[in-house]
file run10.cif (mmCIF, C-alpha atoms and all ligand atoms)
data_final
loop_
_atom_site.label_atom_id
_atom_site.label_comp_id
_atom_site.auth_asym_id
_atom_site.auth_seq_id
_atom_site.Cartn_x
_atom_site.Cartn_y
_atom_site.Cartn_z
CA MET A 113 118.59 149.41 36.56
CA ASN A 114 117.19 150.59 33.24
CA PHE A 115 119.33 148.60 30.85
CA ASP A 116 120.02 145.03 29.93
CA ILE A 117 123.48 144.15 31.21
CA GLU A 118 123.73 140.83 29.37
CA LYS A 119 122.93 142.54 26.09
CA ILE A 120 125.44 145.31 26.84
CA ARG A 121 128.21 142.83 27.62
CA LYS A 122 127.70 141.19 24.23
CA ASP A 123 128.73 144.52 22.69
CA PHE A 124 132.20 144.21 24.28
CA PRO A 125 133.93 141.11 22.86
CA ILE A 126 137.09 141.69 24.92
CA LEU A 127 135.22 140.95 28.15
CA HIS A 128 134.50 137.37 27.09
CA GLN A 129 137.86 135.76 27.58
CA GLU A 130 139.88 133.95 30.19
CA ILE A 131 143.02 135.39 31.74
CA ASN A 132 145.18 132.91 33.63
CA LYS A 133 142.40 130.34 33.16
CA ARG A 134 139.84 132.51 34.95
CA PRO A 135 137.10 134.65 33.44
CA LEU A 136 138.44 138.17 32.94
CA VAL A 137 137.15 140.70 35.45
CA TYR A 138 138.11 144.09 34.08
CA PHE A 139 138.15 146.68 36.87
CA ASP A 140 140.67 149.11 35.37
CA ASN A 141 138.19 151.40 33.67
CA ALA A 142 139.64 154.61 35.10
CA ALA A 143 142.85 153.84 33.19
CA THR A 144 141.04 153.05 29.97
CA THR A 145 137.63 151.77 28.97
CA GLN A 146 136.83 148.92 26.59
CA LYS A 147 135.36 149.56 23.17
CA PRO A 148 131.98 148.30 21.94
CA SER A 149 131.79 146.55 18.56
CA VAL A 150 130.10 149.59 16.99
CA VAL A 151 133.33 151.51 17.63
CA THR A 152 135.75 148.86 16.37
CA GLN A 153 133.46 148.25 13.37
CA ALA A 154 133.44 151.98 12.57
CA LEU A 155 137.26 151.95 12.59
CA ALA A 156 137.34 148.89 10.32
CA ASP A 157 134.79 150.48 7.97
CA TYR A 158 136.79 153.68 7.78
CA TYR A 159 140.07 151.93 6.96
CA ASN A 160 138.48 149.35 4.66
CA GLN A 161 136.14 151.67 2.80
CA TYR A 162 136.98 155.38 2.90
CA ASN A 163 140.40 156.03 4.45
CA SER A 164 141.55 159.29 2.96
CA ASN A 165 143.08 162.56 4.03
CA ILE A 166 140.52 165.22 4.84
CA HIS A 167 139.75 168.83 3.84
CA ARG A 168 140.66 170.29 0.47
CA GLY A 169 140.18 166.87 -1.14
CA VAL A 170 138.49 166.90 -4.53
CA HIS A 171 137.82 163.20 -4.65
CA TYR A 172 134.96 161.08 -3.36
CA LEU A 173 136.77 159.32 -0.51
CA SER A 174 138.26 162.53 0.81
CA ASN A 175 134.84 164.15 0.88
CA MET A 176 133.38 161.15 2.66
CA ALA A 177 136.11 161.20 5.29
CA THR A 178 135.80 164.98 5.71
CA ASP A 179 132.04 164.73 6.20
CA ALA A 180 132.44 162.01 8.83
CA PHE A 181 135.16 164.01 10.59
CA GLU A 182 133.13 167.23 10.71
CA ASN A 183 129.85 165.45 11.56
CA ALA A 184 131.63 163.99 14.56
CA ARG A 185 132.60 167.49 15.64
CA LYS A 186 128.94 168.55 15.51
CA TYR A 187 127.93 165.50 17.53
CA ILE A 188 130.56 166.20 20.18
CA GLN A 189 129.37 169.82 20.30
CA LEU A 190 125.85 168.60 21.11
CA PHE A 191 127.13 165.96 23.54
CA ILE A 192 128.66 168.60 25.81
CA ASN A 193 126.26 171.34 24.67
CA ALA A 194 128.87 173.73 23.33
CA LYS A 195 127.50 176.79 21.58
CA ASN A 196 129.55 176.31 18.40
CA ALA A 197 131.14 173.34 16.63
CA HIS A 198 134.32 175.38 16.10
CA GLU A 199 134.80 175.49 19.87
CA ILE A 200 135.54 171.74 19.71
CA ILE A 201 139.26 171.19 19.07
CA TYR A 202 140.56 167.71 18.29
CA THR A 203 143.68 166.72 20.24
CA LYS A 204 145.43 163.46 21.14
CA GLY A 205 143.84 163.37 24.56
CA THR A 206 143.36 165.23 27.82
CA THR A 207 147.12 165.61 28.23
CA GLU A 208 147.50 167.36 24.91
CA SER A 209 144.41 169.50 25.52
CA ILE A 210 145.88 170.77 28.79
CA ASN A 211 149.31 171.31 27.24
CA LEU A 212 147.70 173.30 24.45
CA VAL A 213 146.04 175.65 26.92
CA ALA A 214 149.14 175.81 29.13
CA TYR A 215 151.21 176.91 26.16
CA SER A 216 148.79 179.08 24.29
CA PHE A 217 146.76 180.69 27.09
CA PHE A 218 149.94 181.49 28.99
CA LYS A 219 151.55 183.05 25.96
CA ARG A 220 148.60 185.40 25.51
CA PHE A 221 147.40 186.07 29.05
CA VAL A 222 150.06 185.31 31.70
CA LYS A 223 152.89 187.61 32.66
CA SER A 224 155.73 187.45 35.13
CA GLY A 225 154.37 187.72 38.69
CA ASP A 226 150.93 186.30 37.80
CA ASN A 227 149.61 183.08 39.32
CA ILE A 228 147.30 180.21 38.50
CA ILE A 229 145.56 177.73 40.79
CA ILE A 230 145.32 173.96 40.59
CA SER A 231 144.30 171.51 43.33
CA ALA A 232 145.92 168.85 45.47
CA LEU A 233 143.81 166.23 43.70
CA GLU A 234 145.23 166.62 40.22
CA HIS A 235 146.57 164.01 37.82
CA HIS A 236 150.16 164.76 36.76
CA SER A 237 148.69 165.88 33.42
CA ASN A 238 147.03 168.77 35.20
CA ILE A 239 150.16 169.66 37.20
CA VAL A 240 153.25 169.36 35.05
CA PRO A 241 152.13 171.40 32.00
CA TRP A 242 151.28 174.29 34.36
CA GLN A 243 154.59 173.95 36.18
CA MET A 244 156.40 174.13 32.85
CA ALA A 245 154.38 177.14 31.71
CA CYS A 246 154.85 178.89 35.08
CA GLU A 247 158.59 178.34 34.82
CA ASN A 248 158.66 179.74 31.28
CA HIS A 249 156.63 182.82 32.19
CA LYS A 250 157.88 183.33 35.76
CA ALA A 251 154.42 182.81 37.17
CA GLN A 252 153.44 181.11 40.41
CA LEU A 253 151.56 177.83 40.80
CA ARG A 254 149.19 177.80 43.76
CA VAL A 255 147.53 174.66 45.09
CA LEU A 256 144.08 174.33 46.66
CA PRO A 257 144.60 171.81 49.49
CA MET A 258 142.62 168.62 50.12
CA ASN A 259 141.02 167.07 53.19
CA GLU A 260 141.70 163.66 54.71
CA ASN A 261 138.35 162.43 53.31
CA GLY A 262 139.46 163.07 49.71
CA SER A 263 137.53 166.31 49.16
CA LEU A 264 138.92 169.76 48.39
CA GLN A 265 139.17 172.60 50.90
CA LEU A 266 136.83 174.72 48.82
CA GLU A 267 136.59 177.42 51.49
CA LYS A 268 140.26 178.26 50.80
CA LEU A 269 139.79 178.99 47.09
CA ASN A 270 138.67 182.55 47.53
CA ASP A 271 141.70 183.43 49.66
CA LEU A 272 144.10 181.80 47.19
CA MET A 273 142.94 184.13 44.44
CA ASP A 274 144.10 187.70 43.99
CA ASP A 275 144.17 190.25 41.20
CA LYS A 276 147.09 188.42 39.59
CA THR A 277 145.27 185.07 39.32
CA ARG A 278 144.81 184.21 35.65
CA LEU A 279 143.31 180.70 35.68
CA VAL A 280 141.89 177.97 37.90
CA ALA A 281 142.57 174.46 36.50
CA ILE A 282 140.93 171.60 38.38
CA ASN A 283 139.70 168.11 37.64
CA HIS A 284 136.00 167.41 37.48
CA VAL A 285 136.57 163.95 38.97
CA SER A 286 139.73 162.62 40.65
CA ASN A 287 141.16 159.55 38.97
CA ALA A 288 142.90 158.24 42.09
CA LEU A 289 139.97 158.58 44.49
CA GLY A 290 136.86 159.18 42.37
CA THR A 291 136.03 162.45 44.18
CA ILE A 292 133.44 164.47 42.26
CA ASN A 293 134.61 168.02 42.78
CA PRO A 294 132.11 170.86 43.39
CA ILE A 295 132.75 172.38 39.98
CA LYS A 296 129.75 174.70 39.97
CA GLU A 297 130.94 176.35 43.20
CA ILE A 298 134.53 176.46 41.94
CA ILE A 299 133.44 178.17 38.72
CA SER A 300 131.23 180.60 40.59
CA ILE A 301 134.03 181.58 43.02
CA ALA A 302 136.54 181.97 40.16
CA HIS A 303 134.13 183.97 38.03
CA SER A 304 133.34 186.29 40.93
CA LYS A 305 136.91 187.51 40.40
CA ASN A 306 136.77 187.25 36.60
CA VAL A 307 139.13 184.27 36.60
CA PRO A 308 138.54 181.68 33.85
CA VAL A 309 138.34 177.97 34.67
CA LEU A 310 139.70 174.87 32.95
CA LEU A 311 138.17 171.54 33.91
CA ASP A 312 140.01 168.27 33.36
CA GLY A 313 137.07 166.02 32.54
CA ALA A 314 139.04 162.84 31.78
CA GLN A 315 137.31 160.92 34.57
CA ALA A 316 133.93 162.60 34.35
CA ILE A 317 132.95 162.28 30.72
CA SER A 318 131.85 158.64 30.91
CA HIS A 319 129.92 159.05 34.17
CA ILE A 320 128.41 162.54 34.38
CA LYS A 321 126.38 164.65 31.93
CA VAL A 322 128.45 167.69 31.00
CA ASP A 323 126.85 170.91 29.78
CA VAL A 324 129.58 173.46 29.16
CA GLN A 325 127.13 176.30 28.57
CA GLU A 326 125.22 175.64 31.77
CA LEU A 327 128.54 175.39 33.64
CA ASP A 328 129.73 178.49 31.83
CA VAL A 329 133.22 176.95 31.96
CA GLU A 330 135.99 178.41 29.78
CA PHE A 331 137.82 175.14 28.93
CA TYR A 332 136.80 171.48 29.25
CA CYS A 333 139.16 168.62 28.33
CA PHE A 334 138.63 164.89 27.91
CA SER A 335 140.11 161.77 26.28
CA GLY A 336 138.25 159.47 23.90
CA HIS A 337 139.73 156.32 25.35
CA LYS A 338 138.13 156.98 28.75
CA VAL A 339 134.70 157.05 27.16
CA PHE A 340 134.73 153.79 25.13
CA ALA A 341 136.40 155.37 22.08
CA PRO A 342 139.84 154.67 20.60
CA MET A 343 143.09 155.87 22.10
CA GLY A 344 144.80 158.81 20.40
CA ILE A 345 141.83 161.18 20.25
CA GLY A 346 140.81 163.81 22.75
CA ILE A 347 138.86 167.02 22.96
CA LEU A 348 139.54 170.53 24.06
CA TYR A 349 136.43 172.63 24.39
CA GLY A 350 137.16 176.33 24.69
CA LYS A 351 135.02 179.43 24.63
CA GLU A 352 135.30 181.03 21.21
CA SER A 353 136.27 184.43 22.62
CA LEU A 354 139.31 182.98 24.40
CA LEU A 355 140.36 180.57 21.66
CA ASN A 356 140.28 183.42 19.18
CA GLU A 357 142.69 185.41 21.31
CA MET A 358 145.10 182.53 21.87
CA PRO A 359 148.02 181.91 19.47
CA PRO A 360 148.40 178.53 17.72
CA TYR A 361 149.99 175.73 19.70
CA GLN A 362 151.76 173.97 16.84
CA GLY A 363 152.66 175.06 13.34
CA GLY A 364 152.14 172.99 10.19
CA GLY A 365 149.59 172.14 7.55
CA GLU A 366 145.89 172.85 8.11
CA MET A 367 146.41 175.59 10.72
CA ILE A 368 147.32 178.25 8.13
CA LYS A 369 145.49 180.54 5.76
CA GLU A 370 148.50 181.64 3.74
CA VAL A 371 152.20 180.90 3.98
CA SER A 372 155.12 182.74 2.51
CA PHE A 373 158.71 182.89 3.71
CA GLU A 374 158.06 186.42 4.97
CA LYS A 375 154.80 185.87 6.79
CA THR A 376 152.17 183.26 7.67
CA THR A 377 148.54 184.01 8.51
CA TYR A 378 146.64 181.56 10.63
CA ASN A 379 143.46 179.68 9.90
CA GLU A 380 140.22 180.28 11.80
CA LEU A 381 138.83 178.10 14.58
CA PRO A 382 139.00 175.18 15.04
CA PHE A 383 141.70 174.59 12.42
CA LYS A 384 144.10 177.11 13.95
CA PHE A 385 144.73 174.54 16.70
CA GLU A 386 144.73 171.41 14.52
CA ALA A 387 148.12 171.35 12.76
CA GLY A 388 148.89 168.27 10.68
CA THR A 389 146.89 165.22 9.63
CA PRO A 390 144.48 164.33 12.41
CA SER A 391 143.46 160.89 13.59
CA VAL A 392 140.38 160.69 11.37
CA GLY A 393 139.42 157.08 12.14
CA ASP A 394 139.64 157.72 15.88
CA VAL A 395 137.42 160.80 15.57
CA ILE A 396 134.81 158.63 13.83
CA GLY A 397 135.24 156.04 16.60
CA LEU A 398 134.67 158.73 19.23
CA HIS A 399 131.47 159.78 17.49
CA LYS A 400 130.19 156.19 17.63
CA ALA A 401 131.24 155.75 21.27
CA LEU A 402 129.40 158.90 22.36
CA GLU A 403 126.29 157.76 20.47
CA TYR A 404 126.53 154.46 22.34
CA VAL A 405 126.75 156.25 25.70
CA GLN A 406 123.94 158.60 24.79
CA LYS A 407 121.70 155.66 23.94
CA LEU A 408 122.28 154.06 27.33
CA GLY A 409 121.80 157.42 29.05
CA LEU A 410 124.34 158.91 31.42
CA GLU A 411 121.75 159.02 34.22
CA ASN A 412 121.16 155.27 33.85
CA ILE A 413 124.88 154.64 33.72
CA ALA A 414 125.53 156.70 36.86
CA ALA A 415 122.69 155.03 38.78
CA TYR A 416 123.93 151.55 37.86
CA GLU A 417 127.56 152.35 38.66
CA ASP A 418 126.52 153.83 42.01
CA GLU A 419 124.89 150.48 42.80
CA LEU A 420 128.10 148.67 41.90
CA LEU A 421 130.18 151.02 44.04
CA GLU A 422 127.87 150.69 47.02
CA TYR A 423 127.91 146.90 46.75
CA ALA A 424 131.69 146.72 46.35
CA THR A 425 132.26 149.14 49.26
CA LYS A 426 130.02 147.04 51.49
CA ARG A 427 131.60 143.74 50.53
CA ILE A 428 135.22 144.86 50.73
CA GLN A 429 134.68 145.69 54.39
CA GLU A 430 134.47 141.95 55.02
CA ILE A 431 138.25 142.06 54.67
CA GLN A 432 140.20 142.67 57.84
CA ASP A 433 142.27 145.87 58.03
CA VAL A 434 140.97 147.28 54.78
CA ARG A 435 141.39 151.04 54.42
CA ILE A 436 139.11 152.66 51.85
CA PHE A 437 140.08 156.11 50.60
CA ALA A 438 137.45 158.81 50.04
CA LYS A 439 134.80 156.44 51.36
CA ASP A 440 132.16 158.89 52.47
CA ILE A 441 132.10 161.57 49.83
CA SER A 442 130.34 162.03 46.54
CA LYS A 443 132.32 160.03 43.98
CA THR A 444 132.23 158.00 40.80
CA ALA A 445 132.65 154.22 40.77
CA VAL A 446 136.24 154.12 42.05
CA LEU A 447 137.30 151.97 44.98
CA SER A 448 140.79 152.97 46.09
CA PHE A 449 142.05 150.93 49.02
CA LEU A 450 144.87 149.30 50.95
CA VAL A 451 144.88 146.22 53.18
CA GLY A 452 146.96 146.37 56.35
CA LYS A 453 150.62 146.74 55.51
CA ILE A 454 150.44 144.75 52.28
CA HIS A 455 152.04 146.54 49.33
CA PRO A 456 149.43 147.46 46.68
CA TYR A 457 151.62 146.07 43.91
CA ASP A 458 151.61 142.59 45.49
CA ILE A 459 147.82 142.62 45.67
CA GLY A 460 147.56 143.67 42.01
CA VAL A 461 149.95 140.97 40.79
CA LEU A 462 148.16 138.19 42.66
CA LEU A 463 144.72 139.40 41.60
CA ASP A 464 145.92 139.28 38.01
CA LYS A 465 146.79 135.60 38.49
CA MET A 466 143.10 135.12 39.24
CA GLY A 467 141.95 136.97 36.13
CA ILE A 468 141.19 140.26 37.87
CA ALA A 469 142.55 143.48 36.36
CA VAL A 470 142.98 146.37 38.81
CA ARG A 471 145.50 149.19 38.89
CA THR A 472 148.05 149.70 41.63
CA GLY A 473 150.48 152.49 42.41
CA HIS A 474 150.29 156.25 42.54
CA HIS A 475 147.87 156.56 39.59
CA CYS A 476 149.84 159.55 38.26
CA THR A 477 148.85 161.47 41.39
CA GLN A 478 151.97 161.38 43.54
CA PRO A 479 150.95 164.46 45.57
CA ILE A 480 147.83 162.59 46.78
CA MET A 481 149.97 159.63 47.83
CA ASP A 482 152.37 162.00 49.61
CA PHE A 483 149.41 163.58 51.39
CA TYR A 484 148.36 160.18 52.76
CA LYS A 485 152.02 159.12 53.24
CA ILE A 486 151.49 155.90 51.28
CA PRO A 487 153.32 154.42 48.28
CA GLY A 488 150.10 153.94 46.35
CA THR A 489 146.71 152.26 46.48
CA VAL A 490 144.89 149.41 44.78
CA ARG A 491 142.22 150.91 42.56
CA ALA A 492 139.21 149.01 41.27
CA SER A 493 137.20 151.19 38.91
CA PHE A 494 133.89 150.13 37.42
CA ALA A 495 132.01 150.74 34.18
CA PHE A 496 128.43 150.00 33.15
CA TYR A 497 129.43 146.61 31.71
CA ASN A 498 130.63 145.34 35.10
CA THR A 499 128.40 143.26 37.35
CA LYS A 500 127.87 142.39 41.01
CA GLN A 501 128.90 138.82 40.17
CA GLU A 502 132.27 140.19 39.08
CA ILE A 503 132.53 142.09 42.36
CA ASP A 504 131.87 138.80 44.20
CA LEU A 505 134.71 137.15 42.24
CA PHE A 506 136.95 140.10 43.08
CA ILE A 507 136.18 139.98 46.81
CA GLU A 508 136.70 136.21 47.04
CA ALA A 509 140.00 136.55 45.16
CA LEU A 510 141.06 139.47 47.35
CA LYS A 511 140.37 137.41 50.49
CA LYS A 512 142.65 134.67 49.17
CA VAL A 513 145.34 137.18 48.21
CA CYS A 514 145.28 138.74 51.67
CA GLN A 515 145.52 135.30 53.28
CA ILE A 516 148.57 134.51 51.16
CA LEU A 517 150.27 137.85 51.78
CA SER A 518 149.60 138.42 55.47
N1 LIG B 1 143.46 163.72 33.96
C1 LIG B 1 142.88 162.70 34.60
C2 LIG B 1 142.00 162.99 35.78
C3 LIG B 1 143.11 161.39 34.17
O1 LIG B 1 142.55 160.38 34.81
C4 LIG B 1 143.93 161.16 33.06
C5 LIG B 1 144.24 159.76 32.57
N2 LIG B 1 144.49 158.85 33.58
C6 LIG B 1 144.49 162.27 32.41
C7 LIG B 1 144.22 163.53 32.88
C8 LIG B 1 145.35 162.11 31.20
O2 LIG B 1 144.62 161.55 30.16
P1 LIG B 1 145.35 161.01 28.85
O3 LIG B 1 146.46 160.14 29.32
O4 LIG B 1 144.28 160.26 28.14
O5 LIG B 1 145.83 162.19 28.10
#
call {"tool": "encode", "arguments": {"input": "run10.cif", "output": "C-alpha cells"}}
result
Amino acid sequence: MNFDIEKIRKDFPILHQEINKRPLVYFDNAATTQKPSVVTQALADYYNQYNSNIHRGVHYLSNMATDAFENARKYIQLFINAKNAHEIIYTKGTTESINLVAYSFFKRFVKSGDNIIISALEHHSNIVPWQMACENHKAQLRVLPMNENGSLQLEKLNDLMDDKTRLVAINHVSNALGTINPIKEIISIAHSKNVPVLLDGAQAISHIKVDVQELDVEFYCFSGHKVFAPMGIGILYGKESLLNEMPPYQGGGEMIKEVSFEKTTYNELPFKFEAGTPSVGDVIGLHKALEYVQKLGLENIAAYEDELLEYATKRIQEIQDVRIFAKDISKTAVLSFLVGKIHPYDIGVLLDKMGIAVRTGHHCTQPIMDFYKIPGTVRASFAFYNTKQEIDLFIEALKKVCQILS
C-alpha cells in the first residue's frame, strides 16, 4: 500500500461516528461515496465567499464563479484525457447524461427499424432511457447476454450487430456485481462496424484510470457523487463531431445564441447542452474531489481496494452457505452475496443495528436478479478509506446475524 490510511481517514469526518452505539463501518460506496473535507470546504467557500451566477456577469463575484466553473471543466478534461474542454458537458449525473444521449442522439441518428445494443449487466439508468427512446423512434433494443459467472458473452456481440445498429451502450463496471467489462474489445468490435459506443462509467470513475482518447470511445458518462464529489453533478463526455450534430436536449437560458419569437439559434458546445443555471458549487466540489483522487493515484487506489476485496472474499467464506456472485472474474471492490435462504433485506437491517452500512436488494439491476432467479443480494462495496479491521468487524457481525436468522 502506497498511502497512509490513517491520514486519509482523517480527511473524511463522517467516518468517525457511532451508529447504533458501534463505530460506523461504511460499505455502501457503490451507492455513493463520502466526501473529503477539501470538497465540503470548497462548497462552503463558494457559498460563503463567491456564490454568484456565471457567464455574462460583469461583476467581480460572477467572474470568480465563472473562472472556477470553467477551470473545473479543464481539469475534468485532463482527468479523462478528452481532446477538448468543450467535449465535457455538465449534467446532474450519469442518469441525466444517458438520457441526454438517448434523446438527442436518437433524434439525429436513429430511425424506425434501427436497433441499439445494451447488455444484461446494466443499471436501470442504462436500460430505461433507451427503452423510452426506442419506443419513441420505433427502434429495437437488443441485449448482449451474461454468463453465470457475472461476465458478458462478448463472443455474441458481433452477431447482435447488423447494418441497422446505431449504438452500443454498456457499463464500464457493473454496480451490482463489480464486473469490469472488456470495454476495449467491445469498442473494437463496435467500431469494426462503424457503430459508436457509450460507456456508463458511474462505477468505474473512482477505481480505474479512464482515457477517452486512448479508448476512442464516443460517449463516457459518470456521476460526481460516486467519486467523492457532491450529489447533483455529473459529466457527459462526447466526441465533438457527434455532439455538434446532435440537437439540444433542453431549451432555456445559456443554450442559445439568439432568441426571437420566430426563430432561436443555438449556442456552441458545451453550452448548447447546458440549459439553465448549473450547479456551480457542485462543479467546484467535483474539481476538488478529482484532485484528491489524482493525488492518491488511481493505481494505488485500485491496488489497495483489490487487497480489501481479496481479504473480504477470503473471510466471508468462513460463513456457512455463503454464495458469492461474480467471485472469479476481474472486478472492482464489490462483494455481492447471499447466505443460505436468508433474505438479503434481513441481513442488511441487522447489520445496520451493528453499525455496518451495506446495500441490499436489486441494486437497480432487476434483470441481473431475474437472471439468477433471486430477489436481490447483499452488497458490500469498498473505497480506499476502508480497512481490513472494518472487514473483520463486518464478518464478525455477519456471523452473528446469520446465527440469529438461521
Ligand atoms: N449506472 C451505474 C452503473 C450506476 O451504478 C449508477 C448509480 N447507482 C447509475 C448508472 C446512475 O447514477 P446516478 O444515480 O448518479 O445518476
call {"tool": "residues_near_ligand", "arguments": {"input": "run10.cif", "ligand": "ligand LIG 1 (chain B)", "cutoff": "6 Å", "atoms": "all atoms listed in the file", "output": "ChimeraX atom specification"}}
result
/A:143,205-207,235,237,283,286-287,312,314-315,335
call {"tool": "closest_residue", "arguments": {"input": "run10.cif", "among": "A:Asp482, A:Asp323, A:Asp328, A:Glu502", "to": "His303 (chain A)", "atoms": "all atoms listed in the file"}}
result
A:Asp328
call {"tool": "atom_distance", "arguments": {"input": "run10.cif", "atom1": "CA of Ile436 (chain A)", "atom2": "CA of Ser493 (chain A)"}}
result
13.2 Å
call {"tool": "residues_around", "arguments": {"input": "run10.cif", "residues": "region 212-225 of chain A", "least_positions_apart": "5", "cutoff": "7 Å", "atoms": "all atoms listed in the file", "output": "list in words"}}
result
Pro241, Trp242, Ala245, His249, Lys250, Ala251, Gln252, Arg278, Met358, Pro359, Pro360 and Tyr361 of chain A
call {"tool": "closest_atom_pairs", "arguments": {"input": "run10.cif", "of": "region 158-219 of chain A", "to": "region 404-419 of chain A", "cutoff": "12 Å", "atoms": "all atoms listed in the file", "output": "JSON lines"}}
result
{"residue": "A:Tyr187", "atom": "CA", "partner": "A:Gln406", "partner_atom": "CA", "distance": 10.8}
{"residue": "A:Ile188", "atom": "CA", "partner": "A:Gln406", "partner_atom": "CA", "distance": 11.1}
{"residue": "A:Leu190", "atom": "CA", "partner": "A:Gln406", "partner_atom": "CA", "distance": 10.8}
{"residue": "A:Phe191", "atom": "CA", "partner": "A:Gln406", "partner_atom": "CA", "distance": 8.1}
{"residue": "A:Ile192", "atom": "CA", "partner": "A:Gln406", "partner_atom": "CA", "distance": 11.1}
call {"tool": "residues_around", "arguments": {"input": "run10.cif", "residues": "Glu118 (chain A)", "least_positions_apart": "5", "cutoff": "10 Å", "atoms": "all atoms listed in the file", "output": "ChimeraX atom specification"}}
result
/A:123,497,499
call {"tool": "atom_distance", "arguments": {"input": "run10.cif", "atom1": "CA of Met343 (chain A)", "atom2": "CA of Leu463 (chain A)"}}
result
25.6 Å
call {"tool": "closest_residue", "arguments": {"input": "run10.cif", "among": "A:His455, A:His399, A:Arg491, A:Lys439", "to": "Ile468 (chain A)", "atoms": "only C-alpha atoms"}}
result
A:Arg491
call {"tool": "atom_distance", "arguments": {"input": "run10.cif", "atom1": "CA of Ile282 (chain A)", "atom2": "CA of Met258 (chain A)"}}
result
12.2 Å
call {"tool": "closest_residue", "arguments": {"input": "run10.cif", "among": "A:Lys195, A:Arg471, A:Lys119, A:His167", "to": "Tyr138 (chain A)", "atoms": "only C-alpha atoms"}}
result
A:Arg471
call {"tool": "residues_around", "arguments": {"input": "run10.cif", "residues": "Ile201 (chain A)", "least_positions_apart": "3", "cutoff": "10 Å", "atoms": "all atoms listed in the file", "output": "PyMOL selection string"}}
result
chain A and resi 185+197-198+209+333+346-350+355+381-386
call {"tool": "write_last_selection", "arguments": {"input": "run10.cif", "atoms": "C-alpha atoms", "output": "tab-separated table (two decimals), in the coordinates of the input"}}
result
chain	number	residue	atom	x	y	z
A	185	ARG	CA	132.60	167.49	15.64
A	197	ALA	CA	131.14	173.34	16.63
A	198	HIS	CA	134.32	175.38	16.10
A	209	SER	CA	144.41	169.50	25.52
A	333	CYS	CA	139.16	168.62	28.33
A	346	GLY	CA	140.81	163.81	22.75
A	347	ILE	CA	138.86	167.02	22.96
A	348	LEU	CA	139.54	170.53	24.06
A	349	TYR	CA	136.43	172.63	24.39
A	350	GLY	CA	137.16	176.33	24.69
A	355	LEU	CA	140.36	180.57	21.66
A	381	LEU	CA	138.83	178.10	14.58
A	382	PRO	CA	139.00	175.18	15.04
A	383	PHE	CA	141.70	174.59	12.42
A	384	LYS	CA	144.10	177.11	13.95
A	385	PHE	CA	144.73	174.54	16.70
A	386	GLU	CA	144.73	171.41	14.52
call {"tool": "closest_residue", "arguments": {"input": "run10.cif", "among": "A:Tyr172, A:Phe124, A:Tyr378, A:Phe449", "to": "Thr152 (chain A)", "atoms": "all atoms listed in the file"}}
result
A:Phe124
call {"tool": "closest_residue", "arguments": {"input": "run10.cif", "among": "A:Leu289, A:Ala438, A:Ala492, A:Ile230", "to": "Met273 (chain A)", "atoms": "all atoms listed in the file"}}
result
A:Ile230
call {"tool": "residues_around", "arguments": {"input": "run10.cif", "residues": "Asp504 (chain A)", "least_positions_apart": "6", "cutoff": "12 Å", "atoms": "all atoms listed in the file", "output": "PyMOL selection string"}}
result
chain A and resi 137+420+423-428+430+468+498+510-511
call {"tool": "decode", "arguments": {"input": "run10.cif", "residues": "region 437-448 of chain A", "atoms": "C-alpha atoms", "output": "PDB file, in the first residue's frame"}}
result
ATOM      1  CA  PHE A 437     -21.661 -13.602  -7.039  1.00  0.00           C
ATOM      2  CA  ALA A 438     -19.070 -12.930  -9.747  1.00  0.00           C
ATOM      3  CA  LYS A 439     -16.393 -14.372  -7.481  1.00  0.00           C
ATOM      4  CA  ASP A 440     -13.795 -15.387 -10.018  1.00  0.00           C
ATOM      5  CA  ILE A 441     -13.757 -12.620 -12.578  1.00  0.00           C
ATOM      6  CA  SER A 442     -11.977  -9.317 -12.906  1.00  0.00           C
ATOM      7  CA  LYS A 443     -13.916  -6.848 -10.762  1.00  0.00           C
ATOM      8  CA  THR A 444     -13.778  -3.763  -8.586  1.00  0.00           C
ATOM      9  CA  ALA A 445     -14.147  -3.909  -4.806  1.00  0.00           C
ATOM     10  CA  VAL A 446     -17.742  -5.171  -4.713  1.00  0.00           C
ATOM     11  CA  LEU A 447     -18.785  -8.197  -2.690  1.00  0.00           C
ATOM     12  CA  SER A 448     -22.297  -9.236  -3.690  1.00  0.00           C
TER      13      SER A 448
END
